[in-house]
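Here the structure comes first, spelled out in structure tokens, and everything after it is commentary.
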Amino acid sequence: MKSLMYRQGTFLISTLAVTLLITITLFFSSTNAFNLHGSLKMEDGKQAIPDLKTGMYLVLGAFQIPENAIKYAKSIKVKGLSPDIGRNSSTGLYYVYAYKTQDDLEYVRSKRTEFRASNKFYDAWIYYANLKLADLEKKEFTADALVLDQPKVLEIEEFIPPPPTSQDPNRELYNYRFNVISATTLKEVPGYITLIDAARNKAMKSVSTNQTHQLAAPNTQTKEIIALSDIFGYAKSQIKFKIDDPTSSEEKSLISESGGITTVKFELFRNKVGDILTMYNVYFYSNSAIMKPESKFELNSLLGMLKENEKLKIKIHGHTNGNASGKIIRLKEDDDSFFEVTSNNKEGVSSAKSLSKARAEIIMRWLLTQGIDKKRMELKGWGGKKMLYGKTDQLASRNVRVEIEIMKG
């Protein structure tokens with residue numbers, strides 16, 4: 001009898017021990033699955049991202065959508081650990097960062113240099129959260145030099161969404177978000193999605209990526225829309241769906257609904273060798289080889305593509321509208337005022353071919369200042385030999401363009 005009781009007691013103790021061990025294991029597994037350096041906590045079944053506290057942060061990526069920030073943070077490692085995530089309460093952006101410090105400016109700058117030396121984190125930058133310039137001047141603070149425009153600049157200042165179009169108040173509106181990320185880096189891709197009425201094959205409007213928009217259905221029986229992504233540096237991608245019933249689409253795996261918002265997911269791949277990309281959003285002042293400031297966004301897209309893949313080699317092709325000679329304004333050799341016409345510029349007369357080559361060359365010069373090796377670039381000025389439209393055609397302005405040919409990668 002005592003032996004039986006002993007065996008039962010031993011069995012009970014063993015069972016409790018195993019149960020306790022499993023519980024502890026599950027607890028820590030769950031904790032590790034939902035915490036990056038302990039900064040993320042579970043809140044109503046979702047990950048809560050804390051606001052950034054005062055200090056300096058070495059940022060590896062900025063995101064408008066928290067799920068994208070979490071996915072990116074989990075995909076990379078810093079000394080074997082996932083980086084942290086913090087939210088900027090004023091802008092609503094989510095920052096993935098590797099290091100933070102309250103006041104050690106030299107430390108965070110040294111870490112930035114270390115990370116920029118890695119091709120994977122070439123655009124690492126320092127974010128100064130809730131710090132005033134006066135607070136840093138005591139440390140002989142100087143403006144932070146950037147290798148690449150920061151994501152916050154691209155998304156908030158230079159990347160301006162198109163103005164909203166007027167909507168018929170009697171038509172039902174649907175909340176949509178086009179979540180566009182790079183398949184290579186998992187970072188959000190700023191740009192536009194063109195919405196096309198599928199039945200009429202007619203463009204309806206363009207909307208900015210990674211933001212929520214209210215859309216009206218086309219006046220067709222099917223109410224089908226094609227969402228087209230044609231962002232510079234990435235292969236075209238499109239998804240077709242019914243605006244009032246998106247999950248019935250054949251591509252429903254790329255569509256999800258939550259909180260009254262339908263999210264359409266694009267994971268974009270870079271263009272491949274042999275592709276020729278047109279830089280329609282790089283603009284030049286009249287009769288010059290000097291770019292307008294609004295060219296910066298697409299230039300940064302080209303720079304990002306070259307920084308991501310150091311094996312990439314390109315040829316820059318310049319084109320004009322016609323072959324007539326005329327006045328040309330150029331930068332001097334030691335002038336890096338790429339985005340403004342000044343009294344320091346050189347003026348002369350040139351052929352259309354020379355003008356087209358000078359425009360290709362000024363892009364190469366800008367890329368050189370951003371750290372791209374000259375051996376990775378070639379130039380070609382075509383003048384008006386390869387016009388897309390007649391010289392007096394309604395679309396003749398599109399003849400004036402720069403094309404990027406991917407030679408090797």
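Numbering starts fresh at 1 for the residues of each chain in the structure tokens, the chains themselves are lettered A, B, ... in the order given, and ligands are numbered from 1 as they appear.
The neighbours of region 289-298 of chain A here are the residues that come within 8 Å of it, using only C-alpha atoms and leaving out any residue fewer than 2 positions away in the same chain; they are Leu154, Glu158, Phe159, Phe232, Met279, Asn281, Val282, Tyr283, Phe284, Tyr285, Asn287, Asn300, Ser301, Leu302, Ile328, Ile329, Arg330, Leu331, Phe338, Phe339, Glu340, Val341, Leu355, Ala358, Arg359 and Ile362 of chain A.
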Item to complete: May I ask which of the residues A:Ile314, A:Ile196, A:Val349, A:Leu367 is the closest one to Met407 (chain A), counting only C-alpha atoms?
Response: A:Ile314
Fill in: Picked from region 242-408 of chain A by DSSP as strand (DSSP E or B), as a VMD selection string
chain A and resid 242 255 to 258 261 to 268 270 276 to 278 284 288 291 313 to 319 326 to 330 346 to 350 377 to 381 401 to 408
Save out the residues we just selected, N, CA and C atoms, as a short mmCIF file (atom, residue, chain, number, x, y, z; two decimals), in the first residue's frame.
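Once everything was written out, this is out_5.cif:
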data_model
loop_
_atom_site.label_atom_id
_atom_site.label_comp_id
_atom_site.auth_asym_id
_atom_site.auth_seq_id
_atom_site.Cartn_x
_atom_site.Cartn_y
_atom_site.Cartn_z
N LYS A 242 -11.87 43.61 -57.08
CA LYS A 242 -13.14 44.34 -57.04
C LYS A 242 -13.09 45.26 -55.82
N ILE A 255 -4.17 40.55 -50.25
CA ILE A 255 -5.16 41.52 -49.78
C ILE A 255 -5.67 41.10 -48.41
N SER A 256 -5.74 42.07 -47.50
CA SER A 256 -6.25 41.78 -46.16
C SER A 256 -7.13 42.95 -45.71
N GLU A 257 -8.03 42.66 -44.77
CA GLU A 257 -8.93 43.67 -44.25
C GLU A 257 -8.84 43.69 -42.73
N SER A 258 -8.72 44.88 -42.15
CA SER A 258 -8.65 45.01 -40.70
C SER A 258 -9.00 46.44 -40.31
N ILE A 261 -10.07 48.98 -42.94
CA ILE A 261 -9.11 49.36 -43.98
C ILE A 261 -8.69 48.12 -44.74
N THR A 262 -8.73 48.19 -46.06
CA THR A 262 -8.26 47.09 -46.91
C THR A 262 -6.81 47.40 -47.31
N THR A 263 -5.93 46.45 -47.04
CA THR A 263 -4.51 46.63 -47.37
C THR A 263 -4.15 45.73 -48.55
N VAL A 264 -3.59 46.35 -49.59
CA VAL A 264 -3.11 45.63 -50.77
C VAL A 264 -1.58 45.63 -50.70
N LYS A 265 -0.98 44.43 -50.72
CA LYS A 265 0.46 44.31 -50.46
C LYS A 265 1.25 44.12 -51.76
N PHE A 266 2.27 44.96 -51.91
CA PHE A 266 3.21 44.84 -53.02
C PHE A 266 4.59 44.58 -52.45
N GLU A 267 5.26 43.54 -52.93
CA GLU A 267 6.65 43.29 -52.57
C GLU A 267 7.46 43.39 -53.86
N LEU A 268 8.16 44.50 -54.03
CA LEU A 268 8.78 44.83 -55.31
C LEU A 268 10.20 44.29 -55.44
N ARG A 270 13.88 44.49 -57.67
CA ARG A 270 14.68 45.42 -58.46
C ARG A 270 14.69 45.02 -59.93
N ILE A 276 16.02 49.02 -69.18
CA ILE A 276 16.29 50.45 -69.37
C ILE A 276 15.20 51.23 -68.66
N LEU A 277 15.60 52.04 -67.68
CA LEU A 277 14.65 52.78 -66.85
C LEU A 277 14.67 54.25 -67.25
N THR A 278 13.50 54.83 -67.43
CA THR A 278 13.42 56.24 -67.81
C THR A 278 13.22 57.11 -66.57
N PHE A 284 15.37 69.36 -65.92
CA PHE A 284 16.48 70.28 -66.15
C PHE A 284 15.94 71.68 -66.45
N SER A 288 19.91 73.89 -70.34
CA SER A 288 20.99 73.71 -69.36
C SER A 288 21.20 72.25 -69.03
N MET A 291 20.07 70.48 -62.93
CA MET A 291 18.80 69.86 -62.54
C MET A 291 17.97 70.76 -61.63
N LYS A 313 26.35 47.89 -62.52
CA LYS A 313 26.97 48.87 -63.41
C LYS A 313 25.90 49.40 -64.35
N ILE A 314 25.96 50.72 -64.62
CA ILE A 314 24.91 51.35 -65.43
C ILE A 314 25.51 52.19 -66.55
N LYS A 315 24.68 52.45 -67.55
CA LYS A 315 25.01 53.42 -68.60
C LYS A 315 23.92 54.48 -68.56
N ILE A 316 24.33 55.74 -68.50
CA ILE A 316 23.38 56.86 -68.43
C ILE A 316 23.23 57.45 -69.82
N HIS A 317 22.02 57.39 -70.36
CA HIS A 317 21.72 57.88 -71.72
C HIS A 317 20.97 59.21 -71.65
N GLY A 318 21.47 60.22 -72.37
CA GLY A 318 20.78 61.50 -72.44
C GLY A 318 20.09 61.68 -73.79
N HIS A 319 18.88 62.28 -73.77
CA HIS A 319 18.10 62.49 -75.00
C HIS A 319 17.52 63.90 -75.02
N GLY A 326 22.06 75.04 -79.87
CA GLY A 326 21.55 76.20 -79.14
C GLY A 326 22.38 76.50 -77.92
N LYS A 327 21.87 77.42 -77.12
CA LYS A 327 22.55 77.85 -75.90
C LYS A 327 22.60 76.71 -74.89
N ILE A 328 23.67 76.66 -74.13
CA ILE A 328 23.77 75.66 -73.06
C ILE A 328 24.42 76.29 -71.83
N ILE A 329 23.84 75.99 -70.67
CA ILE A 329 24.38 76.44 -69.38
C ILE A 329 24.88 75.21 -68.65
N ARG A 330 26.14 75.28 -68.15
CA ARG A 330 26.76 74.14 -67.48
C ARG A 330 27.33 74.56 -66.12
N LYS A 346 28.80 78.33 -66.46
CA LYS A 346 29.38 78.59 -67.78
C LYS A 346 28.27 78.63 -68.82
N GLU A 347 28.36 79.53 -69.78
CA GLU A 347 27.39 79.61 -70.86
C GLU A 347 28.11 79.49 -72.20
N GLY A 348 27.44 78.88 -73.16
CA GLY A 348 28.02 78.73 -74.48
C GLY A 348 26.99 78.21 -75.47
N VAL A 349 27.47 77.78 -76.63
CA VAL A 349 26.61 77.21 -77.67
C VAL A 349 27.03 75.77 -77.88
N SER A 350 26.03 74.88 -78.03
CA SER A 350 26.35 73.46 -78.12
C SER A 350 25.34 72.75 -79.01
N MET A 377 29.96 53.43 -63.97
CA MET A 377 29.07 54.25 -64.81
C MET A 377 29.68 54.55 -66.17
N GLU A 378 28.82 54.53 -67.19
CA GLU A 378 29.19 54.96 -68.54
C GLU A 378 28.20 56.02 -68.99
N LEU A 379 28.59 56.80 -70.03
CA LEU A 379 27.74 57.88 -70.53
C LEU A 379 27.48 57.73 -72.02
N LYS A 380 26.32 58.24 -72.45
CA LYS A 380 26.03 58.28 -73.88
C LYS A 380 25.05 59.42 -74.15
N GLY A 381 25.44 60.34 -75.02
CA GLY A 381 24.55 61.42 -75.44
C GLY A 381 24.01 61.15 -76.83
N ARG A 401 14.73 63.43 -71.89
CA ARG A 401 14.73 62.43 -70.81
C ARG A 401 16.14 61.89 -70.60
N VAL A 402 16.31 61.25 -69.45
CA VAL A 402 17.52 60.50 -69.16
C VAL A 402 17.10 59.06 -68.89
N GLU A 403 17.84 58.13 -69.47
CA GLU A 403 17.55 56.71 -69.27
C GLU A 403 18.73 56.03 -68.59
N ILE A 404 18.41 55.07 -67.75
CA ILE A 404 19.43 54.30 -67.05
C ILE A 404 19.38 52.86 -67.54
N GLU A 405 20.43 52.42 -68.18
CA GLU A 405 20.51 51.03 -68.65
C GLU A 405 21.34 50.21 -67.65
N ILE A 406 20.78 49.11 -67.20
CA ILE A 406 21.50 48.24 -66.27
C ILE A 406 22.41 47.32 -67.07
N MET A 407 23.70 47.53 -66.97
CA MET A 407 24.67 46.81 -67.78
C MET A 407 25.12 45.51 -67.11
N LYS A 408 25.27 45.55 -65.80
CA LYS A 408 25.80 44.41 -65.08
C LYS A 408 25.27 44.45 -63.66
#
Practice prompt. May I have the residues within 12 Å of Gly61 (chain A) as JSON, numbers by chain, using only C-alpha atoms and disregarding those fewer than 6 positions away in the same chain?
Written response: {"A": [68, 69, 70, 71, 72, 73, 76, 83, 84, 85, 86, 87, 93, 94, 95, 96, 97, 98, 120, 121, 122, 123, 124, 125, 126, 127, 149, 150, 151, 152, 181, 185, 186, 187, 188, 189]}
Just write the chosen residues, N, CA and C atoms, as a compact mmCIF listing (two decimals), in the first residue's frame.
# COMPACT_ATOMS: atom_id res chain seq x y z
N ASN A 68 5.34 46.76 -40.87
CA ASN A 68 6.56 46.76 -41.70
C ASN A 68 7.81 46.95 -40.85
N ALA A 69 7.71 47.82 -39.86
CA ALA A 69 8.86 48.05 -38.96
C ALA A 69 9.20 46.78 -38.19
N ILE A 70 8.18 46.09 -37.71
CA ILE A 70 8.38 44.85 -36.95
C ILE A 70 9.01 43.77 -37.84
N LYS A 71 8.49 43.65 -39.06
CA LYS A 71 9.00 42.64 -39.99
C LYS A 71 10.46 42.92 -40.33
N TYR A 72 10.79 44.19 -40.56
CA TYR A 72 12.17 44.55 -40.89
C TYR A 72 13.10 44.31 -39.71
N ALA A 73 12.65 44.70 -38.51
CA ALA A 73 13.48 44.53 -37.31
C ALA A 73 13.79 43.06 -37.06
N ILE A 76 16.68 41.45 -39.53
CA ILE A 76 18.10 41.81 -39.45
C ILE A 76 18.62 41.56 -38.04
N PRO A 83 17.14 44.52 -33.67
CA PRO A 83 17.19 45.90 -33.19
C PRO A 83 15.87 46.31 -32.53
N ASP A 84 15.85 47.50 -31.95
CA ASP A 84 14.65 48.01 -31.28
C ASP A 84 13.80 48.83 -32.23
N ILE A 85 12.57 49.13 -31.79
CA ILE A 85 11.64 49.96 -32.55
C ILE A 85 11.08 51.03 -31.63
N GLY A 86 10.97 52.24 -32.14
CA GLY A 86 10.35 53.33 -31.39
C GLY A 86 9.51 54.18 -32.30
N ARG A 87 8.50 54.81 -31.72
CA ARG A 87 7.56 55.63 -32.50
C ARG A 87 7.83 57.11 -32.25
N LEU A 93 5.82 58.21 -37.41
CA LEU A 93 6.71 57.24 -38.05
C LEU A 93 7.29 56.28 -37.02
N TYR A 94 7.58 55.07 -37.48
CA TYR A 94 8.17 54.03 -36.63
C TYR A 94 9.63 53.83 -37.04
N TYR A 95 10.54 54.04 -36.09
CA TYR A 95 11.97 53.96 -36.39
C TYR A 95 12.56 52.65 -35.85
N VAL A 96 13.28 51.94 -36.72
CA VAL A 96 14.04 50.76 -36.31
C VAL A 96 15.46 51.24 -36.06
N TYR A 97 15.95 51.05 -34.83
CA TYR A 97 17.27 51.59 -34.49
C TYR A 97 18.15 50.54 -33.82
N ALA A 98 19.47 50.73 -34.02
CA ALA A 98 20.44 49.76 -33.51
C ALA A 98 21.05 50.20 -32.19
N LYS A 120 24.80 46.71 -46.34
CA LYS A 120 23.41 46.48 -45.94
C LYS A 120 22.80 47.68 -45.24
N PHE A 121 23.64 48.46 -44.53
CA PHE A 121 23.14 49.59 -43.76
C PHE A 121 23.78 50.89 -44.23
N TYR A 122 23.93 51.05 -45.55
CA TYR A 122 24.59 52.22 -46.10
C TYR A 122 23.86 53.52 -45.78
N ASP A 123 22.56 53.45 -45.49
CA ASP A 123 21.80 54.67 -45.23
C ASP A 123 21.46 54.87 -43.76
N ALA A 124 22.22 54.23 -42.88
CA ALA A 124 22.01 54.44 -41.45
C ALA A 124 22.20 55.92 -41.13
N TRP A 125 21.37 56.46 -40.25
CA TRP A 125 21.45 57.89 -39.94
C TRP A 125 21.06 58.13 -38.49
N ILE A 126 21.38 59.31 -38.01
CA ILE A 126 21.13 59.65 -36.61
C ILE A 126 19.86 60.48 -36.49
N TYR A 127 18.99 60.05 -35.59
CA TYR A 127 17.78 60.83 -35.31
C TYR A 127 17.91 61.42 -33.91
N ASP A 149 19.54 60.94 -48.57
CA ASP A 149 18.44 61.62 -47.89
C ASP A 149 17.70 60.65 -46.98
N GLN A 150 17.41 61.09 -45.78
CA GLN A 150 16.79 60.21 -44.81
C GLN A 150 15.36 59.88 -45.22
N PRO A 151 14.87 58.71 -44.82
CA PRO A 151 13.50 58.34 -45.14
C PRO A 151 12.49 59.38 -44.70
N LYS A 152 12.72 60.02 -43.54
CA LYS A 152 11.75 61.00 -43.07
C LYS A 152 11.68 62.19 -44.03
N ILE A 181 6.70 47.46 -50.17
CA ILE A 181 8.03 47.28 -49.59
C ILE A 181 8.97 46.66 -50.62
N THR A 185 15.26 44.60 -49.27
CA THR A 185 15.59 45.21 -47.98
C THR A 185 14.46 45.15 -46.95
N LEU A 186 13.24 44.86 -47.41
CA LEU A 186 12.03 44.88 -46.59
C LEU A 186 11.68 46.28 -46.10
N LYS A 187 12.30 47.30 -46.66
CA LYS A 187 11.97 48.68 -46.30
C LYS A 187 10.83 49.19 -47.18
N GLU A 188 10.06 50.14 -46.63
CA GLU A 188 8.96 50.73 -47.38
C GLU A 188 9.51 51.51 -48.58
N VAL A 189 8.77 51.44 -49.68
CA VAL A 189 9.18 52.13 -50.90
C VAL A 189 8.25 53.32 -51.13
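With only C-alpha atoms as the atoms that count, the minimum distance from Leu395 (chain A) to the choices A:Gly80, A:Lys375, A:Asn321, A:Ser249 is reached by A:Asn321.
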Worksheet item: When distances are computed from only C-alpha atoms, which of A:Ile372, A:Ala227, A:Ile363, A:Leu58 shows the smallest separation from Asp104 (chain A)?
Response: A:Leu58
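Picture a line from CA of Lys240 (chain A) to CA of Arg171 (chain A); it runs 21.0 Å.
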